[in-house]
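The next block holds one structure in the form of C-alpha cells; read it before the comments.
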Amino acid sequence: MAAPSLPRRTSIRFNRRQITLWSIAFCTFFLTAIVLSNWFMGDTGLDPALTQRNQPPSLTHPFGTDWLGRDMLTRSLHGMSLSVRIGLLAASFSAVIGTGLGLAAGTLGGKVDAVITWIIDVFFSLPHLVLLIMIAFAVGGGTKGVIIAVALTHWTSLARIIRAETLQVNSSDYVQLSHKLGRSPFWIARHHMLPHVTPQLLVGLILLFPHAILHEAALSFIGIGLSPHTPAIGIILAESMRNLSTGYWWVGVLPGLLLLLAVKAFDTLGENVRALIDPKTSQG
Amino acid sequence: MLVGEQLAFRYPRHDWILRDFEIAIAPGEVVGLFGPSGFGKTTLSKLLAGYLTPTQGRVIVDNSPLPDRGCCPVQLIFQNPELTVNPRWRIGKILAEKQMPDRFLLDALGIHPGWLDRYPHELSGGELQRIAVARVLNPATRYLIADEMTAMLDANTQALIWRMVLDYARSQNLGLLVVSHEAALIKRVCDRAIDLVQVSALI
Amino acid sequence: MLSVQNLGITFTMYDRGLTQKQLTVITQLDLDVKAGEVVAIVGASGSGKSLLAHAILGILPDNAKVSGKIFFKGELLTPQRSSNLRGKSIALIPQSIGYLDPLMQVGRQVQRTAQLSGLSQSAAKAAVARTFDRYGLAPIVQRLYPFQLSGGMARRVLVSTAVVSQAELVIADEPTPGLHPDVVKETLNHLRELASEGKGVILITHDIEAALQIADRVAVFYAGTTIEIAHAQDFPSGKIRHPYTQALWRSLPQNEFIPISGSQPSPDALPEGCLFSDRCPWVTPECLLDRPPFLQVRGAPVRCIHAGR
C-alpha cells in the first residue's frame with residue numbers, strides 16, 4: 001500500500017519560499033535599476049530649462065520640474081543613485097570594521113575583548129547624530145566626510161552581534177573537539193566561525209544600507225555632506241524646503257517618496273534574506 | 001598509561017565535584033566507570049581528556065602531561081552527537097576533521113558512503129554517533145573515553161558500535177574508559193570497573 | 001481507550017531551491033491502549049515514537065499532514081478535540097526539566113497545569129499539595145525553581161504535572177535516561193500505579209528493559225510503522241515474533257550482545273516492500289513486493305510474512 005499522497009498545490013499557488021525569493025528578486029531589481037539609472041537616463045534632464053519652470057507632475061515630467069526647469073524625475077533618480085552608491089560604500093566599510101572587531105573580540109577574548117567591548121559601549125553612549133556631524137565636519141565634509149563619518153559610526157551593532165555569535169560558537173563542544181584534534185585557532189576561525197557568522201553578516205549588511213543612506217541624506221540636508229552642486233537626495237530635499245511654502249509640493253514630496261521606497265526596498269530585502277537563512281523560518 | 005593523580009575539581013565558589021580521585025588506565029585495558037548522573041562522571045571524563053583543567057592534581061599520559069595544543073592522544077566521545085558536530089558542515093567534512101578514516105573502519109561502523117554528502121540534521125542520533133566515533137579513531141589516539149556513548153541509542157545500534165570500538169581498541173592496543181550508568185553494559189564490556197557511588201561515599 | 005488506525009504523517013519540506021518535497025515519516029501505524037494498561041512504545045530514534053505522541057496531543061507542526069484515524073474513548077480525535085482534551089483528558093509527562101519554565105516556581109507551574117485542566121484555584125492548590133505528598137515531595141519543594149531540583153525530584157515533579165490534571169490517558173516521553181537505577185524504578189512504579197488506577201499509560205522509550213519492567217504490552221516501532229505489538233512476557237520467554245524485535249532482544253548486553261548490521265532507513269529512502277527487508281535474515285523475494293499487513297501470530301499482531309516460525 002502506498003504512502004498517503006498530498007494534493008498537488010505547488011503548481012496552483014506560490015508557496016512561501018517562492019514568495020520570499022520573488023520579493024528578494026524584485027527588490028534587488030528595483031534597487032539595481034535606481035543605481036544604474038544614471039547611465040540610462042543621461043544628463044539632459046539636469047540642465048536648467050528656464051522656459052519650463054515649476055511645472056507640476058505631468059506625462060512629460062512625471063515628477064514635475066523645479067524652479068530652474070530641471071526634470072525632477074531625472075534629478076531624483078540621479079540623486080537616489082548617488083545616495084545609494086555612497087550608502088553602499090559607507091555601509092560596506094562599516095561592515096568590514098564591525099566583523100573584524102567582532103571576530104577578534106570573540107576568538108581572542110581576554111584583554112582584546114575587554115578593549116573592544118569598551119569601545120563599543122563608548123560609541124553607544126554618545127549621541128549618534130552628533131557624533132556623525134562632528135566626524136564629518138572634522139574630516140572636512142564633502143563626499144569623503146560623509147563616507148568616513150558613516151563608516152566609523154555604524155559598525156557597533158554589527159560588531160556586537162558578531163561577537164556574540166563568535167563567543168557562542170567558541171564555547172561549543174565541536175570547537176573544543178577541533179582544538180583537541182589539533183586544529184589551529186586560525187583554521188577554526190576560518191572553518192567553524194566564519195560559516196556560522198556569514199548569514200548574520202549578510203543580513204546585518206543589507207539592513208545597514210538604508211541607515212547609511214538616510215544619514216547621508218541628513219548630512220547633505222544640513223549642508224555638511226555632499227556639495228550643493230551634486231544632485232544627491234539630501235541636497236534635493238534641502239532645496240525643496242525653500243519651495244514648499246510656495247505650493248510647489250512635488251519638488252520635495254516626490255523625491256522624498258522615492259527615498260522612502262528605496263529604503264523600504266532594502267529593508268524588505270534584508271528581512272526576506274533573513275527569513276530564508278534562519279533555519280527556524282526557512283521550512284514550511 | 002593514562003593516569004589521573006589526586007584529581008579534584010570544582011567550579012569557582014561552588015561545591016567540590018571530585019576530590020582526591022585516582023585512576024590509571026593501561027594500554028589495551030577496558031575500564032568501566034559506573035554511576036548515575038550527578039556523581040561527576042562527565043567531569044572526570046572531561047578532565048582526563050583535557051577539556052577541563054583540574055583544580056588540583058594532574059593528568060599524565062605516557063609519562064608526560066596532557067598536551068595543550070596539537071592532537072591529543074586522549075579522545076572523548078560525548079553522549080549527545082548532535083552537539084558535537086558543526087551543524088553547517090557536511091558529514092564528509094566532519095569525518096575528515098583530523099584525517100578521513102579508512103574505508104574499512106567506516107564499513108565496520110555501518111557508515112554509508114551516501115551519508116557523506118548530507119548534513120547532520122538529516123541523520124538520526126544513532127547514525128550521527130557512529131560518525132562521532134569514526135571521527136576520533138585515528139593513529140594519534142591512544143586512549144578513548146566513552147562518556148555514556150550509547151545511552152541515547154537503541155540496543156541494536158549500541159551493540160554494533162561497541163563491538164566495533166572494542167575490536168578497534170584491541171587491535172590498536174588502546175586504553176578504553178567506559179563511562180556508563182548501565183551495569184549490564186559495564187559487566188559485558190569491561191575488564192574491571194570503578195563504582196563512583198562507593199568512591200564518593202568514602203569521601 | 002485509545003485506538004490509532006492506519007496513521008500516516010507526511011511533512012512538506014523545502015528541498016534545495018524552490019521545490020517542496022513530501023517526507024512520509026509515519027505509515028500504517030496501528031496501536032491501541034486500554035484503560036488500566038501500560039503500553040510501551042519501543043524503537044530507535046527516528047522511528048516515529050515522539051511523533052505519535054505529538055499527533056495524539058495535537059501538537060504537530062503546521063507542515064504536517066495526517067491521514068488515518070485516531071479514536072479516543074470511542075470518538076474521533078480531530079485537531080480541535082485534541083486541543084480541547086490536551087492537559088485535561090490526555091496529558092504528557094515531558095522528557096526533561098527543560099520543558100518547565102525556568103523562571104517560575106514548580107509548585108505554581110504544577111498548579112497552573114491543574115487549573116488549565118479545569119480545576120478551580122483552591123482545588124488546584126489542594127491537588128498539588130496532595131500529589132506532591134503522594135510522591136514524597138516536601139511542601140518546601142513547591143517553592144523551588146526547576147534548576148534547584150535533583151534528578152529524582154525533577155522526575156517526580158514532571159509526573160505530578162500529568163497526575164494533577166486527572167487525565168485518563170498519560171503519555172510518558174522517554175522518562176528514564178541518565179537516572180539513578182533507584183529513581184528509574186520509582187518512576188516506572190509511579191506509572192504502573194497510574195495504570196492500576198484505571199488510566200491508560202503510554203511509555204515511550206528506547207530502553208527495552210525499562211519498558212519490560214512495567215508494561216503489559218510492547219509496541220515495537222521501526223522506520224515509522226508498528227512492526228509488532230507483543231505481550232511483555234513474550235520477551236523473556238523467547239516468544240517474540242518479528243526478526244527486528246528478536247534482533248533488539250538479542251543485542252542487549254545482558255543477552256548475547258550481538259547486533260545486526262545496517263541502520264534504519266530514512267524517510268526519503270524507504271525500501272519497496274517490507275521496511276526491514278534490507279537487514280532481515282529471513283528475507284525472500286516476496287518480502288520485496290509489498291508492505292506486509294498485520295497478521296495475528298501466536299496471539300499478537302506482527303508485520304512479517306515469515307513470523308510464523
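In the C-alpha cells, chains take the letters A, B, ... in the order shown, each chain's residues start at 1, and ligands count up from 1 in the order shown.
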What's around segment 106-121 of chain B at 6 Å? Count only C-alpha atoms, leave out sequence neighbours fewer than 6 positions away in its own chain, and write the answer as a count of residues only.
5
Just want the 10 Å neighbourhood of Arg170 of chain B, counted on only C-alpha atoms, with same-chain residues fewer than 4 positions away dropped. Output as a list of chain:residue names.
B:Pro27, B:Gly28, B:Glu29, B:Val30, B:Met164, B:Val165, B:Leu166, B:Leu174, B:Gly175, B:Leu176
Distance limit 9 Å, atoms considered: only C-alpha atoms. Which chain C residues sit that close to chain B? Return them as a PDB file with N, CA and C atoms, in the first residue's frame.
ATOM      1  N   VAL C  42       8.525   1.072  21.878  1.00  0.00           N
ATOM      2  CA  VAL C  42       9.970   0.916  21.838  1.00  0.00           C
ATOM      3  C   VAL C  42      10.447   1.057  20.405  1.00  0.00           C
ATOM      4  N   GLY C  43      11.537   1.813  20.214  1.00  0.00           N
ATOM      5  CA  GLY C  43      12.046   1.942  18.850  1.00  0.00           C
ATOM      6  C   GLY C  43      13.254   2.843  18.847  1.00  0.00           C
ATOM      7  N   ALA C  44      14.023   2.782  17.787  1.00  0.00           N
ATOM      8  CA  ALA C  44      15.219   3.615  17.673  1.00  0.00           C
ATOM      9  C   ALA C  44      14.823   5.065  17.459  1.00  0.00           C
ATOM     10  N   SER C  45      15.790   5.963  17.604  1.00  0.00           N
ATOM     11  CA  SER C  45      15.475   7.372  17.336  1.00  0.00           C
ATOM     12  C   SER C  45      15.160   7.503  15.856  1.00  0.00           C
ATOM     13  N   GLY C  46      14.156   8.267  15.548  1.00  0.00           N
ATOM     14  CA  GLY C  46      13.775   8.410  14.144  1.00  0.00           C
ATOM     15  C   GLY C  46      12.723   7.413  13.726  1.00  0.00           C
ATOM     16  N   SER C 150      16.866  18.061  42.181  1.00  0.00           N
ATOM     17  CA  SER C 150      17.767  16.973  41.806  1.00  0.00           C
ATOM     18  C   SER C 150      17.058  16.124  40.764  1.00  0.00           C
ATOM     19  N   GLY C 151      17.810  15.196  40.155  1.00  0.00           N
ATOM     20  CA  GLY C 151      17.242  14.365  39.094  1.00  0.00           C
ATOM     21  C   GLY C 151      15.975  13.662  39.514  1.00  0.00           C
ATOM     22  N   PRO C 177      16.198   8.188  30.808  1.00  0.00           N
ATOM     23  CA  PRO C 177      17.645   8.256  30.546  1.00  0.00           C
ATOM     24  C   PRO C 177      18.437   8.971  31.621  1.00  0.00           C
ATOM     25  N   GLY C 178      19.612   8.423  31.944  1.00  0.00           N
ATOM     26  CA  GLY C 178      20.545   9.107  32.826  1.00  0.00           C
ATOM     27  C   GLY C 178      20.193   9.075  34.288  1.00  0.00           C
ATOM     28  N   LEU C 179      19.156   8.382  34.674  1.00  0.00           N
ATOM     29  CA  LEU C 179      18.766   8.443  36.081  1.00  0.00           C
ATOM     30  C   LEU C 179      19.374   7.319  36.897  1.00  0.00           C
ATOM     31  N   HIS C 180      19.501   7.563  38.182  1.00  0.00           N
ATOM     32  CA  HIS C 180      19.904   6.556  39.151  1.00  0.00           C
ATOM     33  C   HIS C 180      18.950   5.370  39.031  1.00  0.00           C
ATOM     34  N   PRO C 181      19.474   4.147  39.069  1.00  0.00           N
ATOM     35  CA  PRO C 181      18.591   2.975  38.929  1.00  0.00           C
ATOM     36  C   PRO C 181      17.410   2.994  39.895  1.00  0.00           C
ATOM     37  N   HIS C 206      13.469   4.057  24.375  1.00  0.00           N
ATOM     38  CA  HIS C 206      14.265   3.200  23.502  1.00  0.00           C
ATOM     39  C   HIS C 206      14.881   2.086  24.346  1.00  0.00           C
ATOM     40  N   ASP C 207      14.600   2.126  25.644  1.00  0.00           N
ATOM     41  CA  ASP C 207      15.215   1.191  26.586  1.00  0.00           C
ATOM     42  C   ASP C 207      14.259   0.035  26.862  1.00  0.00           C
ATOM     43  N   ILE C 208      14.524  -1.104  26.239  1.00  0.00           N
ATOM     44  CA  ILE C 208      13.575  -2.220  26.366  1.00  0.00           C
ATOM     45  C   ILE C 208      13.447  -2.724  27.788  1.00  0.00           C
ATOM     46  N   ALA C 247      16.119  -9.322  17.043  1.00  0.00           N
ATOM     47  CA  ALA C 247      17.468  -8.762  16.971  1.00  0.00           C
ATOM     48  C   ALA C 247      17.703  -7.789  18.121  1.00  0.00           C
ATOM     49  N   LEU C 248      16.701  -6.954  18.422  1.00  0.00           N
ATOM     50  CA  LEU C 248      16.815  -5.998  19.522  1.00  0.00           C
ATOM     51  C   LEU C 248      17.065  -6.729  20.845  1.00  0.00           C
ATOM     52  N   TRP C 249      16.286  -7.768  21.066  1.00  0.00           N
ATOM     53  CA  TRP C 249      16.407  -8.523  22.313  1.00  0.00           C
ATOM     54  C   TRP C 249      17.782  -9.165  22.420  1.00  0.00           C
ATOM     55  N   ARG C 250      18.221  -9.724  21.311  1.00  0.00           N
ATOM     56  CA  ARG C 250      19.496 -10.434  21.326  1.00  0.00           C
ATOM     57  C   ARG C 250      20.678  -9.481  21.512  1.00  0.00           C
ATOM     58  N   SER C 251      20.502  -8.222  21.115  1.00  0.00           N
ATOM     59  CA  SER C 251      21.644  -7.312  21.171  1.00  0.00           C
ATOM     60  C   SER C 251      21.827  -6.661  22.538  1.00  0.00           C
ATOM     61  N   LEU C 252      20.963  -6.982  23.493  1.00  0.00           N
ATOM     62  CA  LEU C 252      21.128  -6.401  24.822  1.00  0.00           C
ATOM     63  C   LEU C 252      22.395  -6.934  25.474  1.00  0.00           C
ATOM     64  N   PRO C 253      23.101  -6.077  26.257  1.00  0.00           N
ATOM     65  CA  PRO C 253      24.348  -6.544  26.857  1.00  0.00           C
ATOM     66  C   PRO C 253      24.144  -7.734  27.798  1.00  0.00           C
ATOM     67  N   GLN C 254      22.973  -7.831  28.422  1.00  0.00           N
ATOM     68  CA  GLN C 254      22.798  -8.966  29.317  1.00  0.00           C
ATOM     69  C   GLN C 254      22.363 -10.221  28.571  1.00  0.00           C
ATOM     70  N   PHE C 257      24.401  -9.702  23.145  1.00  0.00           N
ATOM     71  CA  PHE C 257      25.163  -8.526  22.724  1.00  0.00           C
ATOM     72  C   PHE C 257      25.593  -8.668  21.257  1.00  0.00           C
ATOM     73  N   ILE C 258      24.767  -9.328  20.459  1.00  0.00           N
ATOM     74  CA  ILE C 258      25.084  -9.464  19.044  1.00  0.00           C
ATOM     75  C   ILE C 258      24.168  -8.568  18.227  1.00  0.00           C
ATOM     76  N   PRO C 259      24.742  -7.617  17.471  1.00  0.00           N
ATOM     77  CA  PRO C 259      23.887  -6.720  16.696  1.00  0.00           C
ATOM     78  C   PRO C 259      23.635  -7.260  15.295  1.00  0.00           C
ATOM     79  N   ILE C 260      22.650  -6.688  14.613  1.00  0.00           N
ATOM     80  CA  ILE C 260      22.571  -6.908  13.178  1.00  0.00           C
ATOM     81  C   ILE C 260      23.046  -5.622  12.516  1.00  0.00           C
ATOM     82  N   SER C 261      23.648  -5.761  11.374  1.00  0.00           N
ATOM     83  CA  SER C 261      24.279  -4.596  10.755  1.00  0.00           C
ATOM     84  C   SER C 261      23.261  -3.736  10.032  1.00  0.00           C
ATOM     85  N   GLY C 262      23.738  -2.618   9.530  1.00  0.00           N
ATOM     86  CA  GLY C 262      22.872  -1.721   8.782  1.00  0.00           C
ATOM     87  C   GLY C 262      22.220  -0.720   9.713  1.00  0.00           C
ATOM     88  N   SER C 263      21.344   0.112   9.170  1.00  0.00           N
ATOM     89  CA  SER C 263      20.623   1.051  10.017  1.00  0.00           C
ATOM     90  C   SER C 263      19.229   1.281   9.472  1.00  0.00           C
ATOM     91  N   GLN C 264      18.429   1.871  10.316  1.00  0.00           N
ATOM     92  CA  GLN C 264      17.034   2.133   9.971  1.00  0.00           C
ATOM     93  C   GLN C 264      16.965   3.021   8.729  1.00  0.00           C
ATOM     94  N   SER C 266      15.966   5.905   6.178  1.00  0.00           N
ATOM     95  CA  SER C 266      15.448   7.247   6.435  1.00  0.00           C
ATOM     96  C   SER C 266      14.176   7.456   5.621  1.00  0.00           C
TER      97      SER C 266
END
At a cut-off of 6 Å, using only C-alpha atoms, what residues contact segment 16-27 of chain A? Leave out same-chain residues fewer than 3 positions from it and give the result as a PDB file with N, CA and C atoms, in the first residue's frame.
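around-v4.pdb, written as the output of this step:
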ATOM      1  N   PHE A  30      14.708  46.469  -8.407  1.00  0.00           N
ATOM      2  CA  PHE A  30      14.335  47.864  -8.186  1.00  0.00           C
ATOM      3  C   PHE A  30      15.551  48.698  -7.817  1.00  0.00           C
ATOM      4  N   ALA A 265      12.749  49.148   0.260  1.00  0.00           N
ATOM      5  CA  ALA A 265      13.179  48.008  -0.544  1.00  0.00           C
ATOM      6  C   ALA A 265      14.354  47.299   0.122  1.00  0.00           C
ATOM      7  N   LEU A 269      14.286  43.543   1.564  1.00  0.00           N
ATOM      8  CA  LEU A 269      15.302  42.623   1.083  1.00  0.00           C
ATOM      9  C   LEU A 269      15.995  41.947   2.260  1.00  0.00           C
ATOM     10  N   ASN A 272      13.708  39.512   4.165  1.00  0.00           N
ATOM     11  CA  ASN A 272      13.454  38.287   3.411  1.00  0.00           C
ATOM     12  C   ASN A 272      14.668  37.382   3.372  1.00  0.00           C
TER      13      ASN A 272
END
Could you tell me how far atom CA of Leu205 of chain A sits from atom CA of Gly270 of chain A, in Å to one decimal place?
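Computing it gives 8.3 Å between the two atoms.
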Just to confirm, what's the straight-line distance from atom CA of Ala217 of chain A to atom CA of Ala151 of chain A in Å (one decimal)?
14.6 Å
Please check the contacts: residues of chain B at most 7 Å away from chain A, using only C-alpha atoms, listed as a PyMOL selection string.
chain B and resi 69-72+83-86+98
Just to confirm, what's the straight-line distance from atom CA of Leu33 of chain B to atom CA of Gln148 of chain C in Å (one decimal)?
26.2 Å
